[in-house]
Protein chains: 2
Amino acid sequence: MTSRSIHLALIQSQVFATPAENIQYLSEQIASATTNGANLILLQELHNTPYFCIEENPACFDLAETIPGPSTEVFSKLANEHGVVIVASLFEKRTGGLYHNTAVVFENDGSIAGKYRKMHIPDDPGFYEKYYFTPGDLGFTPIQTSVGKLGVLVCWDQWFPEAARLMALAGAEILLYPTAIGWDPQDTKKEQARQLDAWITIQRSHAIANGIAVASCNRIGSESVADMTSTFWGNSFICGPQGEFLARASSDNNEILSASIAPEKTEQVRRIWPYLRDRRIDAYGDLTRRYIDN
Amino acid sequence: MTSRSIHLALIQSQVFATPAENIQYLSEQIASATTNGANLILLQELHNTPYFCIEENPACFDLAETIPGPSTEVFSKLANEHGVVIVASLFEKRTGGLYHNTAVVFENDGSIAGKYRKMHIPDDPGFYEKYYFTPGDLGFTPIQTSVGKLGVLVCWDQWFPEAARLMALAGAEILLYPTAIGWDPQDTKKEQARQLDAWITIQRSHAIANGIAVASCNRIGSESVADMTSTFWGNSFICGPQGEFLARASSDNNEILSASIAPEKTEQVRRIWPYLRDRRIDAYGDLTRRYIDN
C-alpha cells in the first residue's frame with residue numbers, strides 16, 4: 001500500500017444515557033471527522049451505552065443485539081453516506097445466553113468488512129466483564145479494508161504483547177483499540193498516574209515491537225452504579241511505528257483526535273529494526289503454556 | 001521471597017582500551033557499590049572491551065575466552081570478596097569457531113550460579129553481531145540466586161516481548177539486561193530521540209506486561225573503527241513492576257545507578273493486573289511461526 005495514506009480520526013467522548021443519544025452524537029462527530037478528511041474512524045469501546053459492566057446485572061443483557069442488527073444498520077449507513085471506514089464496538093448477542101464484546105468494521109460502501117470478538121476478557125471490581133462476555137473465538141485476524149489491513153483489538157487485549165504480535169504476523173498494518181478504561185477514584189493520585197502511564201507505555205510498545213502504528217480510543221467521564229464509580233481517563237492517542245506520538249487527547253474533553261499515517265513507514269522502520277528477522281521461533285513453544293512450573 | 005529485598009546497582013561507564021583497565025575500574029566500582037549496600041550488581045554488555053562488533057575483524061575472536069576462564073575467575077573472586085551477586089557479560093569461546101555473547105551470574109560466595117547465552121542476535125551497520133555470536137541454545141531460563149530468581153537477557157533481546165514473557169513464565173522475579181546500544185551520529189536529533197525513547201519504552205513494557213521489575217545497564221562514550229562510529233547512549237535505568245522509574249542515569253556520565261526492589265510488589269501488582277490469569281494460550285500457537293502467510 002505504498003501510495004495510500006490512512007487519515008485516522010478517533011472520537012473520544014463521555015457517553016449519554018441512551019443508545020439513541022449516543023448514536024445521534026456519534027453521527028454528528030463522524031460527519032465532522034470525514035468533512036475534515038478522515039477515511040478511517042475509530043470509536044471507543046461499547047460507545048452506545050454507559051459502561052454497564054460496572055455491575056453484574058442480568059437486565060443489562062437487554063442492551064445486547066445481533067450482528068448484523070439495528071446498530072450495524074445505522075453504522076453501515078453512516079459509513080456509506082460519508083464514504084469512510086468505521087470501527088465500531090458493540091455488545092453482541094450471538095444467541096440466548098451467549099454474548100461477546102465485538103468490534104465491527106464497516107467498509108466505506110457500508111458493507112461489513114469483518115468483526116473481531118474481544119479475546120482477553122478482564123474481570124475486576126467495577127469491570128465485571130467475565131459475567132457478560134464469552135471470550136472471542138475468531139482469533140487474531142486482521143480485517144482487510146480499502147484503507148489497509150486493520151488489526152482491531154479491544155481494551156484488555158492491549159496489555160497482551162501476544163495479541164499485538166499475532167496481528168502483526170498476520171499482516172496488520174495498524175493496531176486499533178476501542179477501549180473503556182478508568183481510574184478508581186479511591187486510588188492515590190500517584191497510583192492513578194502510574195496506571196495511566198503504564199497503559200500508554202504498553203500500547204506504544206506494541207508499535208515498537210512490530211513496527212506499525214497504534215491508536216487507542218477511550219471514553220471520558222465518571223460513571224457510577226450504587227457505590228461503585230469509574231472515572232474513565234480519556235487520553236486517547238495515535239502513535240507511529242517507533243512508538244512516537246502523533247496525537248494525544250486530554251483526560252476530560254470530548255475530542256476528535258486525528259493523524260495521518262503512512263503505511264510505508266513500516267517498511268523503513270523494520271529495515272532499521274528487523275525484529276521479524278530475528279524472532280527465535282524455535283524457542284518460543286512455551287508461550288502456549290499457562291506457567292512453566294512442570 | 002516475602003522478606004528479602006534486592007538492592008541493585010548498575011555500573012554504567014565508558015570503556016577503556018584493554019580488559020585489564022576495565023576490570024580494574026569495575027573492581028573499584030563493585031567495591032564502592034557493595035559498600036553502599038548493593039547485594040546485586042548488573043554490569044553492561046561486553047564490559048571488558050571496546051565494542052568490537054563495530055567491524056567484522058577475525059582478530060577480534062582473540063578477545064573471547066572460555067567459561068569458566070580468566071574473567072570468570074576475577075569476577076568469582078570479586079563476588080566472594082564483597083559478598084555480592086554479580087551479573088557479568090562475556091565473549092564466550094565455546095570451542096574453535098563457536099562463540100557466544102554470554103551473561104554469567106556469580107553467587108555471593110563466588111560460585112557460578114548460571115549463565116545465559118544471548119538468544120536474539122542483531123546485525124546492522126556497526127553492530128555486526130551475527131559475525132561473532134552463535135545464537136544462544138540455553139533457552140529463556142531464569143537463574144536462581146540468593147537474592148532471587150534472575151531473568152537475565154542481553155541487549156537485542158530487549159526488543160522481543162516473547163523473551164521477557166518466557167522468563168516471567170519460568171519464574172523470573174526481575175529482568176536484567178546488560179546492553180550496548182547507541183546512536184549513529186549521522187542520524188538527526190529527532191530520530192535519535194525516537195530511538196532512545198523506544199528503547200526505554202519497550203523495556204518498561206516488559207515490566208508492565210509481566211508485573212516484575214526491569215533493569216538495563218548500558219555503556220556510554222563514542223567508539224570508532226575506520227569511518228564507523230557509535231555513540232553509546234547510556235540512560236541505564238531501573239523500573240518497578242508497573243514500569244515506574246526507580247532510577248535513571250544520564251546519557252554521558254560514568255555512574256553507579258541503584259535502587260531497592262521489593263519482590264512482593266509483584267504479587268500486589270499482579271492482583272490488580274492479572275494478565276497471567278487471562279492469557280489466551282489456546283490461541284497463541286502461531287507465535288512460533290515466522291509469518292502467517294500460509
# chains A, B, ... in the order shown; residues from 1 in each chain; ligands from 1
$ select_by_dssp --residues "range 29-104 of chain A" --states "alpha helix (DSSP H)" --output "list in words"
Gln29, Ile30, Ala31, Ser32, Ala33, Thr34, Thr35, Pro70, Ser71, Thr72, Glu73, Val74, Phe75, Ser76, Lys77, Leu78, Ala79, Asn80, Glu81 and His82 of chain A
$ write_last_selection --atoms "N, CA and C atoms" --output "PDB file, in the first residue's frame"
ATOM      1  N   GLN A  29     -20.411  13.536  14.928  1.00  0.00           N
ATOM      2  CA  GLN A  29     -18.941  13.552  15.004  1.00  0.00           C
ATOM      3  C   GLN A  29     -18.318  12.865  13.778  1.00  0.00           C
ATOM      4  N   ILE A  30     -18.943  11.796  13.333  1.00  0.00           N
ATOM      5  CA  ILE A  30     -18.448  11.098  12.148  1.00  0.00           C
ATOM      6  C   ILE A  30     -18.543  12.019  10.928  1.00  0.00           C
ATOM      7  N   ALA A  31     -19.645  12.730  10.828  1.00  0.00           N
ATOM      8  CA  ALA A  31     -19.803  13.689   9.724  1.00  0.00           C
ATOM      9  C   ALA A  31     -18.709  14.742   9.782  1.00  0.00           C
ATOM     10  N   SER A  32     -18.466  15.246  10.973  1.00  0.00           N
ATOM     11  CA  SER A  32     -17.451  16.288  11.145  1.00  0.00           C
ATOM     12  C   SER A  32     -16.050  15.763  10.799  1.00  0.00           C
ATOM     13  N   ALA A  33     -15.739  14.560  11.288  1.00  0.00           N
ATOM     14  CA  ALA A  33     -14.403  13.999  11.054  1.00  0.00           C
ATOM     15  C   ALA A  33     -14.170  13.748   9.557  1.00  0.00           C
ATOM     16  N   THR A  34     -15.184  13.247   8.864  1.00  0.00           N
ATOM     17  CA  THR A  34     -14.979  12.956   7.437  1.00  0.00           C
ATOM     18  C   THR A  34     -14.925  14.251   6.625  1.00  0.00           C
ATOM     19  N   THR A  35     -15.685  15.247   7.048  1.00  0.00           N
ATOM     20  CA  THR A  35     -15.570  16.554   6.391  1.00  0.00           C
ATOM     21  C   THR A  35     -14.137  17.065   6.475  1.00  0.00           C
ATOM     22  N   PRO A  70     -29.743  -3.853  14.545  1.00  0.00           N
ATOM     23  CA  PRO A  70     -30.111  -2.433  14.448  1.00  0.00           C
ATOM     24  C   PRO A  70     -28.899  -1.489  14.399  1.00  0.00           C
ATOM     25  N   SER A  71     -27.895  -1.728  15.265  1.00  0.00           N
ATOM     26  CA  SER A  71     -26.751  -0.804  15.288  1.00  0.00           C
ATOM     27  C   SER A  71     -25.877  -0.941  14.050  1.00  0.00           C
ATOM     28  N   THR A  72     -25.672  -2.167  13.594  1.00  0.00           N
ATOM     29  CA  THR A  72     -24.839  -2.289  12.391  1.00  0.00           C
ATOM     30  C   THR A  72     -25.532  -1.614  11.210  1.00  0.00           C
ATOM     31  N   GLU A  73     -26.865  -1.624  11.221  1.00  0.00           N
ATOM     32  CA  GLU A  73     -27.587  -0.943  10.141  1.00  0.00           C
ATOM     33  C   GLU A  73     -27.282   0.559  10.159  1.00  0.00           C
ATOM     34  N   VAL A  74     -27.290   1.126  11.353  1.00  0.00           N
ATOM     35  CA  VAL A  74     -27.001   2.565  11.484  1.00  0.00           C
ATOM     36  C   VAL A  74     -25.579   2.876  11.015  1.00  0.00           C
ATOM     37  N   PHE A  75     -24.612   2.108  11.504  1.00  0.00           N
ATOM     38  CA  PHE A  75     -23.212   2.432  11.169  1.00  0.00           C
ATOM     39  C   PHE A  75     -22.893   2.100   9.707  1.00  0.00           C
ATOM     40  N   SER A  76     -23.579   1.109   9.158  1.00  0.00           N
ATOM     41  CA  SER A  76     -23.481   0.832   7.723  1.00  0.00           C
ATOM     42  C   SER A  76     -23.877   2.053   6.918  1.00  0.00           C
ATOM     43  N   LYS A  77     -24.998   2.604   7.290  1.00  0.00           N
ATOM     44  CA  LYS A  77     -25.499   3.792   6.570  1.00  0.00           C
ATOM     45  C   LYS A  77     -24.520   4.955   6.695  1.00  0.00           C
ATOM     46  N   LEU A  78     -24.003   5.155   7.917  1.00  0.00           N
ATOM     47  CA  LEU A  78     -23.060   6.265   8.133  1.00  0.00           C
ATOM     48  C   LEU A  78     -21.787   6.058   7.318  1.00  0.00           C
ATOM     49  N   ALA A  79     -21.289   4.821   7.290  1.00  0.00           N
ATOM     50  CA  ALA A  79     -20.057   4.529   6.534  1.00  0.00           C
ATOM     51  C   ALA A  79     -20.281   4.809   5.054  1.00  0.00           C
ATOM     52  N   ASN A  80     -21.415   4.382   4.568  1.00  0.00           N
ATOM     53  CA  ASN A  80     -21.733   4.569   3.146  1.00  0.00           C
ATOM     54  C   ASN A  80     -21.987   6.042   2.823  1.00  0.00           C
ATOM     55  N   GLU A  81     -22.746   6.703   3.690  1.00  0.00           N
ATOM     56  CA  GLU A  81     -23.101   8.107   3.448  1.00  0.00           C
ATOM     57  C   GLU A  81     -21.857   8.995   3.391  1.00  0.00           C
ATOM     58  N   HIS A  82     -20.897   8.709   4.307  1.00  0.00           N
ATOM     59  CA  HIS A  82     -19.710   9.566   4.379  1.00  0.00           C
ATOM     60  C   HIS A  82     -18.515   8.960   3.646  1.00  0.00           C
TER      61      HIS A  82
END
$ residues_around --residues "Glu56 in chain A" --least-positions-apart "2" --cutoff "12 Å" --atoms "only C-alpha atoms" --output "ChimeraX atom specification"
/A:51-54,58-61,123-133,225-226,228
$ select_by_dssp --residues "range 158-217 of chain B" --states "strand (DSSP E or B)" --output "ChimeraX atom specification"
/B:174-179,182-183,213-217
$ write_last_selection --atoms "C-alpha atoms" --output "PDB file, in the first residue's frame"
ATOM      1  CA  ILE B 174      13.318  -9.398  37.850  1.00  0.00           C
ATOM      2  CA  LEU B 175      14.613  -8.872  34.303  1.00  0.00           C
ATOM      3  CA  LEU B 176      18.218  -7.736  33.904  1.00  0.00           C
ATOM      4  CA  TYR B 177      19.648  -6.502  30.596  1.00  0.00           C
ATOM      5  CA  PRO B 178      23.370  -5.915  30.070  1.00  0.00           C
ATOM      6  CA  THR B 179      23.352  -3.832  26.894  1.00  0.00           C
ATOM      7  CA  GLY B 182      23.947   3.743  20.786  1.00  0.00           C
ATOM      8  CA  TRP B 183      23.212   6.316  18.169  1.00  0.00           C
ATOM      9  CA  ALA B 213      11.000  -5.049  37.859  1.00  0.00           C
ATOM     10  CA  VAL B 214      13.360  -4.419  34.944  1.00  0.00           C
ATOM     11  CA  ALA B 215      16.886  -3.021  34.870  1.00  0.00           C
ATOM     12  CA  SER B 216      19.060  -2.198  31.900  1.00  0.00           C
ATOM     13  CA  CYS B 217      22.759  -1.289  32.069  1.00  0.00           C
TER      14      CYS B 217
END
$ interface_residues --of "chain B" --to "chain A" --cutoff "6 Å" --atoms "only C-alpha atoms" --output "list in words"
Leu169, Ala170, Ile202, Ser205, Ile281, Tyr284, Thr288, Tyr291 and Ile292 of chain B
$ residues_around --residues "Pro68 in chain A" --least-positions-apart "5" --cutoff "12 Å" --atoms "only C-alpha atoms" --output "ChimeraX atom specification"
/A:73-76,90-94,102-106,111-115
$ residues_around --residues "Ser13 in chain B" --least-positions-apart "3" --cutoff "8 Å" --atoms "only C-alpha atoms" --output "count of residues only"
8
$ residues_around --residues "His47 in chain A" --least-positions-apart "4" --cutoff "7 Å" --atoms "only C-alpha atoms" --output "PDB file with N, CA, C and O atoms, in the first residue's frame"
ATOM      1  N   VAL A  15     -20.288   9.360  27.523  1.00  0.00           N
ATOM      2  CA  VAL A  15     -21.479   8.770  26.914  1.00  0.00           C
ATOM      3  C   VAL A  15     -22.750   9.371  27.505  1.00  0.00           C
ATOM      4  O   VAL A  15     -22.775   9.839  28.646  1.00  0.00           O
ATOM      5  N   LEU A  43     -14.023   4.262  16.906  1.00  0.00           N
ATOM      6  CA  LEU A  43     -14.884   4.639  18.035  1.00  0.00           C
ATOM      7  C   LEU A  43     -14.398   3.952  19.308  1.00  0.00           C
ATOM      8  O   LEU A  43     -13.670   2.962  19.263  1.00  0.00           O
ATOM      9  N   SER A  89     -17.894  -0.636  18.114  1.00  0.00           N
ATOM     10  CA  SER A  89     -17.731  -1.608  19.209  1.00  0.00           C
ATOM     11  C   SER A  89     -19.092  -1.894  19.821  1.00  0.00           C
ATOM     12  O   SER A  89     -19.726  -1.002  20.386  1.00  0.00           O
TER      13      SER A  89
END
$ residues_around --residues "Glu264 in chain A" --least-positions-apart "6" --cutoff "12 Å" --atoms "only C-alpha atoms" --output "list in words"
Met1, Thr2, Ser3, Arg4, Ser5, Ile6, Gly148, Glu173, Ile174, Gly211, Ile212, Ala213, Gly240, Pro241, Arg270 and Arg271 of chain A
$ residues_around --residues "Ser260 in chain B" --least-positions-apart "3" --cutoff "9 Å" --atoms "only C-alpha atoms" --output "PyMOL selection string"
chain B and resi 5-9+38+246
$ atom_distance --atom1 "CA of Gly110 in chain B" --atom2 "CA of Leu26 in chain B"
16.1 Å
$ closest_residue --among "A:Pro263, A:Leu40, A:Ser230, A:Leu10" --to "Arg248 in chain A" --atoms "only C-alpha atoms"
A:Leu10
$ atom_distance --atom1 "CA of Ile86 in chain A" --atom2 "CA of Ile143 in chain A"
11.9 Å
$ atom_distance --atom1 "CA of Ser236 in chain B" --atom2 "CA of Ala259 in chain B"
12.1 Å
